[in-house]
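Asks: structure.tsv is reproduced in full below (TSV, N, CA and C atoms).
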chain	number	residue	atom	x	y	z
A	1	MET	N	-0.35	0.21	24.31
A	1	MET	CA	-0.16	-1.02	23.62
A	1	MET	C	0.15	-0.71	22.17
A	2	LYS	N	1.16	-1.39	21.64
A	2	LYS	CA	1.51	-1.27	20.24
A	2	LYS	C	1.57	-2.66	19.62
A	3	SER	N	1.13	-2.76	18.38
A	3	SER	CA	1.21	-4.02	17.65
A	3	SER	C	1.39	-3.68	16.18
A	4	GLU	N	2.02	-4.59	15.45
A	4	GLU	CA	2.12	-4.39	14.01
A	4	GLU	C	1.97	-5.71	13.28
A	5	LEU	N	1.53	-5.59	12.05
A	5	LEU	CA	1.25	-6.75	11.21
A	5	LEU	C	1.88	-6.51	9.84
A	6	HIS	N	2.67	-7.47	9.38
A	6	HIS	CA	3.21	-7.46	8.02
A	6	HIS	C	2.38	-8.48	7.25
A	7	VAL	N	1.75	-8.04	6.19
A	7	VAL	CA	0.83	-8.91	5.46
A	7	VAL	C	1.04	-8.73	3.95
A	8	PRO	N	0.88	-9.81	3.17
A	8	PRO	CA	1.03	-9.69	1.72
A	8	PRO	C	-0.04	-8.78	1.11
A	9	SER	N	0.27	-8.27	-0.07
A	9	SER	CA	-0.67	-7.42	-0.81
A	9	SER	C	-1.63	-8.30	-1.61
A	10	ASP	N	-2.55	-8.90	-0.90
A	10	ASP	CA	-3.50	-9.81	-1.53
A	10	ASP	C	-4.79	-9.76	-0.72
A	11	LEU	N	-5.91	-9.51	-1.39
A	11	LEU	CA	-7.19	-9.37	-0.69
A	11	LEU	C	-7.62	-10.64	0.02
A	12	LYS	N	-7.03	-11.79	-0.29
A	12	LYS	CA	-7.39	-13.00	0.44
A	12	LYS	C	-6.92	-12.94	1.89
A	13	PHE	N	-6.06	-11.97	2.23
A	13	PHE	CA	-5.59	-11.79	3.60
A	13	PHE	C	-6.43	-10.76	4.37
A	14	LEU	N	-7.49	-10.27	3.75
A	14	LEU	CA	-8.32	-9.24	4.38
A	14	LEU	C	-8.92	-9.71	5.70
A	15	THR	N	-9.36	-10.95	5.77
A	15	THR	CA	-9.92	-11.48	7.01
A	15	THR	C	-8.86	-11.52	8.11
A	16	ILE	N	-7.63	-11.84	7.75
A	16	ILE	CA	-6.54	-11.85	8.72
A	16	ILE	C	-6.30	-10.44	9.26
A	17	VAL	N	-6.33	-9.46	8.37
A	17	VAL	CA	-6.15	-8.06	8.78
A	17	VAL	C	-7.25	-7.64	9.75
A	18	GLU	N	-8.49	-7.95	9.41
A	18	GLU	CA	-9.62	-7.60	10.28
A	18	GLU	C	-9.52	-8.30	11.64
A	19	ASN	N	-9.25	-9.59	11.61
A	19	ASN	CA	-9.16	-10.36	12.86
A	19	ASN	C	-8.02	-9.90	13.74
A	20	TRP	N	-6.91	-9.50	13.14
A	20	TRP	CA	-5.78	-8.97	13.91
A	20	TRP	C	-6.21	-7.70	14.65
A	21	LEU	N	-6.86	-6.78	13.93
A	21	LEU	CA	-7.31	-5.53	14.55
A	21	LEU	C	-8.29	-5.81	15.68
A	22	LEU	N	-9.34	-6.58	15.39
A	22	LEU	CA	-10.37	-6.85	16.40
A	22	LEU	C	-9.81	-7.64	17.57
A	23	GLY	N	-8.89	-8.56	17.30
A	23	GLY	CA	-8.26	-9.33	18.38
A	23	GLY	C	-7.44	-8.45	19.30
A	24	CYS	N	-6.68	-7.53	18.72
A	24	CYS	CA	-5.89	-6.60	19.53
A	24	CYS	C	-6.78	-5.73	20.40
A	25	LEU	N	-7.84	-5.21	19.82
A	25	LEU	CA	-8.76	-4.35	20.58
A	25	LEU	C	-9.43	-5.13	21.70
A	26	GLN	N	-9.88	-6.34	21.40
A	26	GLN	CA	-10.54	-7.17	22.42
A	26	GLN	C	-9.58	-7.51	23.55
A	27	ALA	N	-8.36	-7.88	23.19
A	27	ALA	CA	-7.37	-8.26	24.21
A	27	ALA	C	-7.02	-7.08	25.11
A	28	GLU	N	-6.92	-5.91	24.53
A	28	GLU	CA	-6.49	-4.75	25.31
A	28	GLU	C	-7.64	-4.05	26.02
A	29	LEU	N	-8.77	-3.91	25.34
A	29	LEU	CA	-9.88	-3.15	25.92
A	29	LEU	C	-10.86	-4.02	26.69
A	30	GLY	N	-10.98	-5.28	26.30
A	30	GLY	CA	-11.89	-6.19	26.99
A	30	GLY	C	-13.27	-5.61	27.10
A	31	GLU	N	-13.78	-5.61	28.31
A	31	GLU	CA	-15.13	-5.10	28.56
A	31	GLU	C	-15.11	-3.73	29.22
A	32	SER	N	-14.01	-2.97	29.04
A	32	SER	CA	-13.90	-1.69	29.73
A	32	SER	C	-14.97	-0.68	29.29
A	33	PHE	N	-15.47	-0.83	28.10
A	33	PHE	CA	-16.61	-0.03	27.63
A	33	PHE	C	-17.16	-0.70	26.37
A	34	ASP	N	-18.31	-0.24	25.95
A	34	ASP	CA	-18.92	-0.81	24.75
A	34	ASP	C	-18.22	-0.23	23.52
A	35	TRP	N	-17.32	-0.96	22.96
A	35	TRP	CA	-16.54	-0.46	21.85
A	35	TRP	C	-16.96	-1.08	20.51
A	36	SER	N	-18.15	-1.70	20.45
A	36	SER	CA	-18.59	-2.31	19.20
A	36	SER	C	-18.71	-1.28	18.08
A	37	HIS	N	-19.24	-0.10	18.39
A	37	HIS	CA	-19.33	0.96	17.37
A	37	HIS	C	-17.93	1.38	16.94
A	38	GLN	N	-17.05	1.53	17.91
A	38	GLN	CA	-15.67	1.95	17.63
A	38	GLN	C	-14.97	0.90	16.76
A	39	SER	N	-15.15	-0.37	17.10
A	39	SER	CA	-14.47	-1.42	16.34
A	39	SER	C	-15.00	-1.50	14.91
A	40	ASN	N	-16.30	-1.27	14.72
A	40	ASN	CA	-16.86	-1.26	13.36
A	40	ASN	C	-16.28	-0.12	12.53
A	41	ARG	N	-16.14	1.03	13.15
A	41	ARG	CA	-15.55	2.19	12.47
A	41	ARG	C	-14.11	1.89	12.06
A	42	LEU	N	-13.33	1.38	12.99
A	42	LEU	CA	-11.93	1.08	12.71
A	42	LEU	C	-11.79	-0.03	11.67
A	43	ARG	N	-12.64	-1.03	11.77
A	43	ARG	CA	-12.61	-2.13	10.81
A	43	ARG	C	-12.89	-1.62	9.40
A	44	LEU	N	-13.88	-0.76	9.26
A	44	LEU	CA	-14.24	-0.23	7.95
A	44	LEU	C	-13.11	0.59	7.34
A	45	VAL	N	-12.50	1.48	8.12
A	45	VAL	CA	-11.43	2.29	7.55
A	45	VAL	C	-10.18	1.45	7.27
A	46	LEU	N	-9.92	0.45	8.10
A	46	LEU	CA	-8.77	-0.41	7.84
A	46	LEU	C	-8.98	-1.25	6.58
A	47	VAL	N	-10.17	-1.78	6.40
A	47	VAL	CA	-10.49	-2.55	5.20
A	47	VAL	C	-10.35	-1.66	3.96
A	48	GLU	N	-10.84	-0.45	4.04
A	48	GLU	CA	-10.75	0.50	2.92
A	48	GLU	C	-9.28	0.82	2.61
A	49	ALA	N	-8.51	1.11	3.65
A	49	ALA	CA	-7.10	1.47	3.45
A	49	ALA	C	-6.29	0.29	2.89
A	50	TYR	N	-6.47	-0.89	3.48
A	50	TYR	CA	-5.73	-2.07	3.03
A	50	TYR	C	-6.10	-2.43	1.59
A	51	SER	N	-7.38	-2.42	1.28
A	51	SER	CA	-7.79	-2.79	-0.07
A	51	SER	C	-7.31	-1.75	-1.09
A	52	ASN	N	-7.22	-0.48	-0.71
A	52	ASN	CA	-6.66	0.53	-1.61
A	52	ASN	C	-5.19	0.26	-1.91
A	53	VAL	N	-4.44	-0.14	-0.89
A	53	VAL	CA	-3.03	-0.47	-1.11
A	53	VAL	C	-2.93	-1.64	-2.09
A	54	VAL	N	-3.70	-2.69	-1.83
A	54	VAL	CA	-3.64	-3.88	-2.69
A	54	VAL	C	-4.07	-3.54	-4.12
A	55	ARG	N	-5.19	-2.84	-4.27
A	55	ARG	CA	-5.75	-2.59	-5.60
A	55	ARG	C	-5.06	-1.47	-6.37
A	56	HIS	N	-4.48	-0.50	-5.66
A	56	HIS	CA	-3.92	0.66	-6.35
A	56	HIS	C	-2.40	0.80	-6.15
A	57	ALA	N	-1.95	0.93	-4.93
A	57	ALA	CA	-0.53	1.18	-4.68
A	57	ALA	C	0.36	0.00	-5.10
A	58	HIS	N	-0.09	-1.21	-4.82
A	58	HIS	CA	0.71	-2.40	-5.12
A	58	HIS	C	0.16	-3.23	-6.28
A	59	LYS	N	-0.70	-2.67	-7.10
A	59	LYS	CA	-1.37	-3.47	-8.13
A	59	LYS	C	-0.41	-4.12	-9.11
A	60	GLU	N	0.70	-3.51	-9.41
A	60	GLU	CA	1.69	-4.09	-10.31
A	60	GLU	C	2.76	-4.88	-9.55
A	61	LYS	N	2.71	-4.83	-8.23
A	61	LYS	CA	3.74	-5.47	-7.40
A	61	LYS	C	3.10	-6.21	-6.23
A	62	PRO	N	2.37	-7.30	-6.50
A	62	PRO	CA	1.65	-7.99	-5.43
A	62	PRO	C	2.55	-8.65	-4.39
A	63	ASN	N	3.85	-8.74	-4.64
A	63	ASN	CA	4.75	-9.36	-3.67
A	63	ASN	C	5.21	-8.39	-2.59
A	64	LEU	N	4.90	-7.11	-2.76
A	64	LEU	CA	5.27	-6.14	-1.74
A	64	LEU	C	4.40	-6.31	-0.50
A	65	PRO	N	5.00	-6.29	0.68
A	65	PRO	CA	4.19	-6.41	1.90
A	65	PRO	C	3.54	-5.08	2.29
A	66	VAL	N	2.49	-5.19	3.06
A	66	VAL	CA	1.84	-4.03	3.66
A	66	VAL	C	2.14	-4.10	5.15
A	67	LEU	N	2.55	-2.99	5.71
A	67	LEU	CA	2.82	-2.90	7.15
A	67	LEU	C	1.68	-2.12	7.79
A	68	ILE	N	1.06	-2.71	8.81
A	68	ILE	CA	-0.02	-2.04	9.52
A	68	ILE	C	0.38	-1.95	10.99
A	69	ARG	N	0.32	-0.77	11.52
A	69	ARG	CA	0.65	-0.54	12.93
A	69	ARG	C	-0.58	-0.04	13.66
A	70	LEU	N	-0.74	-0.55	14.87
A	70	LEU	CA	-1.83	-0.14	15.75
A	70	LEU	C	-1.22	0.33	17.05
A	71	GLU	N	-1.65	1.49	17.50
A	71	GLU	CA	-1.24	1.97	18.82
A	71	GLU	C	-2.48	2.39	19.58
A	72	LEU	N	-2.67	1.76	20.71
A	72	LEU	CA	-3.79	2.08	21.58
A	72	LEU	C	-3.23	2.89	22.74
A	73	ARG	N	-3.65	4.15	22.79
A	73	ARG	CA	-3.17	5.05	23.83
A	73	ARG	C	-4.30	5.28	24.83
A	74	LYS	N	-4.04	6.05	25.84
A	74	LYS	CA	-5.04	6.29	26.87
A	74	LYS	C	-6.34	6.85	26.32
A	75	GLU	N	-6.23	7.81	25.42
A	75	GLU	CA	-7.41	8.52	24.95
A	75	GLU	C	-7.73	8.31	23.47
A	76	ASP	N	-6.86	7.61	22.75
A	76	ASP	CA	-7.16	7.42	21.34
A	76	ASP	C	-6.51	6.16	20.77
A	77	ILE	N	-6.90	5.87	19.54
A	77	ILE	CA	-6.38	4.74	18.79
A	77	ILE	C	-5.77	5.30	17.51
A	78	ALA	N	-4.56	4.85	17.20
A	78	ALA	CA	-3.88	5.29	15.98
A	78	ALA	C	-3.55	4.08	15.12
A	79	LEU	N	-3.83	4.19	13.85
A	79	LEU	CA	-3.48	3.18	12.86
A	79	LEU	C	-2.57	3.80	11.82
A	80	GLU	N	-1.57	3.05	11.39
A	80	GLU	CA	-0.72	3.45	10.27
A	80	GLU	C	-0.74	2.32	9.26
A	81	ILE	N	-0.93	2.66	8.00
A	81	ILE	CA	-0.90	1.68	6.91
A	81	ILE	C	0.20	2.14	5.96
A	82	TRP	N	1.25	1.31	5.86
A	82	TRP	CA	2.42	1.62	5.05
A	82	TRP	C	2.41	0.83	3.75
A	83	ASP	N	2.68	1.51	2.64
A	83	ASP	CA	2.81	0.82	1.36
A	83	ASP	C	4.11	1.25	0.68
A	84	ARG	N	4.47	0.52	-0.36
A	84	ARG	CA	5.69	0.81	-1.13
A	84	ARG	C	5.35	1.16	-2.58
A	85	GLY	N	4.14	1.63	-2.81
A	85	GLY	CA	3.71	1.99	-4.16
A	85	GLY	C	4.12	3.40	-4.53
A	86	GLU	N	3.59	3.87	-5.65
A	86	GLU	CA	3.91	5.21	-6.14
A	86	GLU	C	3.29	6.29	-5.27
A	87	GLY	N	2.27	5.98	-4.57
A	87	GLY	CA	1.61	6.96	-3.71
A	87	GLY	C	0.43	7.62	-4.39
A	88	PHE	N	-0.38	8.23	-3.60
A	88	PHE	CA	-1.62	8.86	-4.05
A	88	PHE	C	-1.45	10.37	-3.95
A	89	ASP	N	-1.62	11.06	-5.05
A	89	ASP	CA	-1.49	12.51	-5.08
A	89	ASP	C	-2.82	13.14	-4.69
A	90	LEU	N	-2.90	13.62	-3.47
A	90	LEU	CA	-4.15	14.20	-2.97
A	90	LEU	C	-4.56	15.47	-3.70
A	91	SER	N	-3.62	16.14	-4.36
A	91	SER	CA	-3.98	17.36	-5.08
A	91	SER	C	-4.88	17.05	-6.29
A	92	ASN	N	-4.89	15.78	-6.71
A	92	ASN	CA	-5.76	15.37	-7.83
A	92	ASN	C	-7.08	14.76	-7.36
A	93	TYR	N	-7.31	14.78	-6.06
A	93	TYR	CA	-8.53	14.17	-5.53
A	93	TYR	C	-9.64	15.19	-5.38
A	94	PHE	N	-10.81	14.84	-5.89
A	94	PHE	CA	-12.00	15.66	-5.71
A	94	PHE	C	-13.09	14.74	-5.19
A	95	PRO	N	-13.68	15.06	-4.03
A	95	PRO	CA	-14.73	14.19	-3.47
A	95	PRO	C	-15.88	14.03	-4.45
A	96	PRO	N	-16.49	12.85	-4.44
A	96	PRO	CA	-17.63	12.63	-5.33
A	96	PRO	C	-18.78	13.59	-4.99
A	97	ALA	N	-19.40	14.11	-6.02
A	97	ALA	CA	-20.56	14.99	-5.83
A	97	ALA	C	-21.78	14.12	-5.57
A	98	PRO	N	-22.62	14.49	-4.60
A	98	PRO	CA	-23.81	13.69	-4.29
A	98	PRO	C	-24.74	13.49	-5.49
A	99	SER	N	-24.77	14.44	-6.39
A	99	SER	CA	-25.68	14.36	-7.53
A	99	SER	C	-25.16	13.47	-8.66
A	100	GLU	N	-23.88	13.14	-8.62
A	100	GLU	CA	-23.28	12.33	-9.68
A	100	GLU	C	-23.08	10.90	-9.22
A	101	LYS	N	-23.32	9.97	-10.11
A	101	LYS	CA	-23.10	8.56	-9.77
A	101	LYS	C	-21.69	8.19	-10.19
A	102	GLN	N	-20.80	8.24	-9.22
A	102	GLN	CA	-19.39	7.97	-9.46
A	102	GLN	C	-19.07	6.59	-8.92
A	103	GLU	N	-18.28	5.81	-9.66
A	103	GLU	CA	-17.99	4.44	-9.25
A	103	GLU	C	-16.97	4.37	-8.13
A	104	GLY	N	-15.95	5.21	-8.15
A	104	GLY	CA	-14.91	5.15	-7.13
A	104	GLY	C	-14.69	6.50	-6.48
A	105	GLY	N	-13.67	6.56	-5.62
A	105	GLY	CA	-13.30	7.83	-5.00
A	105	GLY	C	-13.94	8.09	-3.66
A	106	TYR	N	-14.63	7.11	-3.12
A	106	TYR	CA	-15.32	7.31	-1.84
A	106	TYR	C	-14.47	6.99	-0.62
A	107	GLY	N	-13.38	6.24	-0.81
A	107	GLY	CA	-12.57	5.79	0.32
A	107	GLY	C	-12.02	6.92	1.17
A	108	TRP	N	-11.43	7.91	0.51
A	108	TRP	CA	-10.84	9.03	1.24
A	108	TRP	C	-11.94	9.80	1.99
A	109	LEU	N	-13.08	9.96	1.36
A	109	LEU	CA	-14.22	10.64	1.97
A	109	LEU	C	-14.70	9.87	3.21
A	110	ILE	N	-14.84	8.56	3.08
A	110	ILE	CA	-15.29	7.71	4.19
A	110	ILE	C	-14.31	7.81	5.36
A	111	MET	N	-13.02	7.67	5.06
A	111	MET	CA	-12.02	7.72	6.14
A	111	MET	C	-12.05	9.05	6.87
A	112	ASN	N	-12.19	10.14	6.13
A	112	ASN	CA	-12.23	11.46	6.77
A	112	ASN	C	-13.49	11.69	7.59
A	113	ARG	N	-14.57	11.05	7.20
A	113	ARG	CA	-15.82	11.20	7.95
A	113	ARG	C	-15.82	10.36	9.22
A	114	LEU	N	-15.16	9.19	9.18
A	114	LEU	CA	-15.21	8.26	10.31
A	114	LEU	C	-14.09	8.47	11.34
A	115	MET	N	-13.02	9.12	10.93
A	115	MET	CA	-11.88	9.28	11.83
A	115	MET	C	-11.74	10.74	12.25
A	116	ASP	N	-11.09	10.95	13.39
A	116	ASP	CA	-10.87	12.31	13.87
A	116	ASP	C	-9.71	12.98	13.13
A	117	LYS	N	-8.74	12.16	12.71
A	117	LYS	CA	-7.56	12.72	12.05
A	117	LYS	C	-7.11	11.74	10.96
A	118	VAL	N	-6.88	12.28	9.76
A	118	VAL	CA	-6.41	11.48	8.63
A	118	VAL	C	-5.27	12.25	7.98
A	119	GLU	N	-4.12	11.59	7.86
A	119	GLU	CA	-2.96	12.20	7.20
A	119	GLU	C	-2.36	11.18	6.24
A	120	TYR	N	-1.81	11.67	5.16
A	120	TYR	CA	-1.14	10.79	4.20
A	120	TYR	C	0.20	11.41	3.86
A	121	ASP	N	1.26	10.69	4.18
A	121	ASP	CA	2.61	11.17	3.93
A	121	ASP	C	3.25	10.34	2.83
A	122	LEU	N	3.68	11.02	1.77
A	122	LEU	CA	4.34	10.36	0.65
A	122	LEU	C	5.84	10.25	0.90
A	123	GLU	N	6.40	9.13	0.48
A	123	GLU	CA	7.84	8.91	0.47
A	123	GLU	C	8.51	9.20	1.81
A	124	VAL	N	8.11	8.45	2.81
A	124	VAL	CA	8.72	8.52	4.13
A	124	VAL	C	9.46	7.21	4.36
A	125	ASP	N	10.75	7.25	4.57
A	125	ASP	CA	11.55	6.03	4.80
A	125	ASP	C	11.31	4.98	3.72
A	126	GLY	N	11.19	5.40	2.47
A	126	GLY	CA	11.02	4.48	1.36
A	126	GLY	C	9.59	3.99	1.14
A	127	GLY	N	8.65	4.56	1.86
A	127	GLY	CA	7.25	4.14	1.70
A	127	GLY	C	6.30	5.30	1.87
A	128	ASN	N	5.03	5.00	1.79
A	128	ASN	CA	3.97	5.98	2.00
A	128	ASN	C	3.18	5.55	3.23
A	129	CYS	N	2.75	6.52	4.02
A	129	CYS	CA	2.07	6.19	5.27
A	129	CYS	C	0.74	6.92	5.39
A	130	LEU	N	-0.31	6.13	5.56
A	130	LEU	CA	-1.63	6.67	5.87
A	130	LEU	C	-1.81	6.57	7.38
A	131	LYS	N	-2.04	7.71	8.03
A	131	LYS	CA	-2.22	7.74	9.49
A	131	LYS	C	-3.67	8.07	9.80
A	132	LEU	N	-4.26	7.23	10.63
A	132	LEU	CA	-5.66	7.38	11.03
A	132	LEU	C	-5.74	7.41	12.54
A	133	GLU	N	-6.45	8.38	13.09
A	133	GLU	CA	-6.62	8.46	14.54
A	133	GLU	C	-8.07	8.73	14.89
A	134	VAL	N	-8.49	8.12	16.01
A	134	VAL	CA	-9.83	8.35	16.53
A	134	VAL	C	-9.77	8.35	18.05
A	135	SER	N	-10.54	9.23	18.66
A	135	SER	CA	-10.59	9.30	20.12
A	135	SER	C	-11.43	8.16	20.67
A	136	LEU	N	-11.02	7.65	21.82
A	136	LEU	CA	-11.79	6.62	22.50
A	136	LEU	C	-12.94	7.28	23.25
A	137	PRO	N	-14.09	6.63	23.30
A	137	PRO	CA	-15.19	7.19	24.09
A	137	PRO	C	-14.81	7.17	25.58
A	138	ALA	N	-15.39	8.11	26.31
A	138	ALA	CA	-15.12	8.16	27.76
A	138	ALA	C	-15.60	6.88	28.41
A	139	GLN	N	-14.78	6.36	29.31
A	139	GLN	CA	-15.14	5.13	30.02
A	139	GLN	C	-16.09	5.44	31.16
A	140	ASN	N	-16.99	4.49	31.42
A	140	ASN	CA	-17.96	4.67	32.51
A	140	ASN	C	-17.31	4.50	33.85
What is this file in structure tokens?
Replies:
Amino acid sequence: MKSELHVPSDLKFLTIVENWLLGCLQAELGESFDWSHQSNRLRLVLVEAYSNVVRHAHKEKPNLPVLIRLELRKEDIALEIWDRGEGFDLSNYFPPAPSEKQEGGYGWLIMNRLMDKVEYDLEVDGGNCLKLEVSLPAQN
């Protein structure tokens, strides 16, 4: 199953983004297994990724849309979040140190801890793409 959502760069659409994701998962997976933990994980990383696009990548250009793609495969779930901003230079990223009280910079750390695979590609087809993948739990 594949689905995509084009949404404005505005945090007031965050509930729509969340409901789209959860609705797609519910429609496709139904009661095939207990995926509440999985949906919470995906919801958290999607909220983090979308809000980063709105607050950072598109902060000077709120009229740019965000493209979100969901692909549910046999054994895993893949999300892509596309933006048209300047992009994030990962070579300048240093994870927050546990001993220091840092205000930001936790998003990338959270996504890497919650997902099996995280990739960020700069300047692909005129945009930047954050790819997130997680394996589905074995069905009973």
Asks: Between atom CA of A:Leu11 and atom C of A:Gly107, what distance in Å does the model show, to one decimal?
Replies: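 Computing it gives 17.1 Å between the two atoms.
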Asks: With only C-alpha atoms as the atoms that count, which of A:Leu64, A:Ile110, A:Met1, A:Gly30 lies nearest to A:Val47?
Replies: A:Ile110
Asks: Find the spatial neighbours of stretch 68-80 of chain A, counting only C-alpha atoms, within a cut-off of 8 Å - ignore same-chain residues fewer than 6 positions away - and output them as a PDB file with N, CA and C atoms, in the frame of the given file.
Replies:
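Result file follows (selection_0.pdb):
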ATOM      1  N   MET A   1      -0.350   0.210  24.310  1.00  0.00           N
ATOM      2  CA  MET A   1      -0.160  -1.020  23.620  1.00  0.00           C
ATOM      3  C   MET A   1       0.150  -0.710  22.170  1.00  0.00           C
ATOM      4  N   LYS A   2       1.160  -1.390  21.640  1.00  0.00           N
ATOM      5  CA  LYS A   2       1.510  -1.270  20.240  1.00  0.00           C
ATOM      6  C   LYS A   2       1.570  -2.660  19.620  1.00  0.00           C
ATOM      7  N   SER A   3       1.130  -2.760  18.380  1.00  0.00           N
ATOM      8  CA  SER A   3       1.210  -4.020  17.650  1.00  0.00           C
ATOM      9  C   SER A   3       1.390  -3.680  16.180  1.00  0.00           C
ATOM     10  N   GLU A   4       2.020  -4.590  15.450  1.00  0.00           N
ATOM     11  CA  GLU A   4       2.120  -4.390  14.010  1.00  0.00           C
ATOM     12  C   GLU A   4       1.970  -5.710  13.280  1.00  0.00           C
ATOM     13  N   LEU A   5       1.530  -5.590  12.050  1.00  0.00           N
ATOM     14  CA  LEU A   5       1.250  -6.750  11.210  1.00  0.00           C
ATOM     15  C   LEU A   5       1.880  -6.510   9.840  1.00  0.00           C
ATOM     16  N   HIS A   6       2.670  -7.470   9.380  1.00  0.00           N
ATOM     17  CA  HIS A   6       3.210  -7.460   8.020  1.00  0.00           C
ATOM     18  C   HIS A   6       2.380  -8.480   7.250  1.00  0.00           C
ATOM     19  N   LEU A  21      -6.860  -6.780  13.930  1.00  0.00           N
ATOM     20  CA  LEU A  21      -7.310  -5.530  14.550  1.00  0.00           C
ATOM     21  C   LEU A  21      -8.290  -5.810  15.680  1.00  0.00           C
ATOM     22  N   CYS A 129       2.750   6.520   4.020  1.00  0.00           N
ATOM     23  CA  CYS A 129       2.070   6.190   5.270  1.00  0.00           C
ATOM     24  C   CYS A 129       0.740   6.920   5.390  1.00  0.00           C
ATOM     25  N   LEU A 130      -0.310   6.130   5.560  1.00  0.00           N
ATOM     26  CA  LEU A 130      -1.630   6.670   5.870  1.00  0.00           C
ATOM     27  C   LEU A 130      -1.810   6.570   7.380  1.00  0.00           C
ATOM     28  N   LYS A 131      -2.040   7.710   8.030  1.00  0.00           N
ATOM     29  CA  LYS A 131      -2.220   7.740   9.490  1.00  0.00           C
ATOM     30  C   LYS A 131      -3.670   8.070   9.800  1.00  0.00           C
ATOM     31  N   LEU A 132      -4.260   7.230  10.630  1.00  0.00           N
ATOM     32  CA  LEU A 132      -5.660   7.380  11.030  1.00  0.00           C
ATOM     33  C   LEU A 132      -5.740   7.410  12.540  1.00  0.00           C
ATOM     34  N   GLU A 133      -6.450   8.380  13.090  1.00  0.00           N
ATOM     35  CA  GLU A 133      -6.620   8.460  14.540  1.00  0.00           C
ATOM     36  C   GLU A 133      -8.070   8.730  14.890  1.00  0.00           C
ATOM     37  N   VAL A 134      -8.490   8.120  16.010  1.00  0.00           N
ATOM     38  CA  VAL A 134      -9.830   8.350  16.530  1.00  0.00           C
ATOM     39  C   VAL A 134      -9.770   8.350  18.050  1.00  0.00           C
ATOM     40  N   SER A 135     -10.540   9.230  18.660  1.00  0.00           N
ATOM     41  CA  SER A 135     -10.590   9.300  20.120  1.00  0.00           C
ATOM     42  C   SER A 135     -11.430   8.160  20.670  1.00  0.00           C
ATOM     43  N   LEU A 136     -11.020   7.650  21.820  1.00  0.00           N
ATOM     44  CA  LEU A 136     -11.790   6.620  22.500  1.00  0.00           C
ATOM     45  C   LEU A 136     -12.940   7.280  23.250  1.00  0.00           C
ATOM     46  N   PRO A 137     -14.090   6.630  23.300  1.00  0.00           N
ATOM     47  CA  PRO A 137     -15.190   7.190  24.090  1.00  0.00           C
ATOM     48  C   PRO A 137     -14.810   7.170  25.580  1.00  0.00           C
TER      49      PRO A 137
END
Asks: Atom C of A:Arg84 to atom C of A:Trp108: how many Å, to one decimal?
Replies: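 Separation of atom C of A:Arg84 and atom C of A:Trp108: 19.9 Å.
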Asks: Determine, counting only C-alpha atoms, which protein, DNA and RNA residues have an atom within 8 Å of an atom of A:Ala49; residues of the same chain fewer than 3 positions away are not included. Present the result as JSON, numbers by chain.
Replies: {"A": [45, 46, 52, 53, 81, 107, 130]}
Asks: So which residues of stretch 6-116 of chain A fall under helix (DSSP H, G or I) by DSSP, listed as an MDAnalysis selection string?
Replies: chainID A and resid 11:29 36:57 90:92 107:114
Asks: Given all atoms listed in the file as the basis, pick out the residue of A:Glu86, A:His37, A:Asp116, A:Ala138 nearest to A:Lys59.
Replies: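 Checking each candidate against A:Lys59, we get A:Glu86 as the closest.
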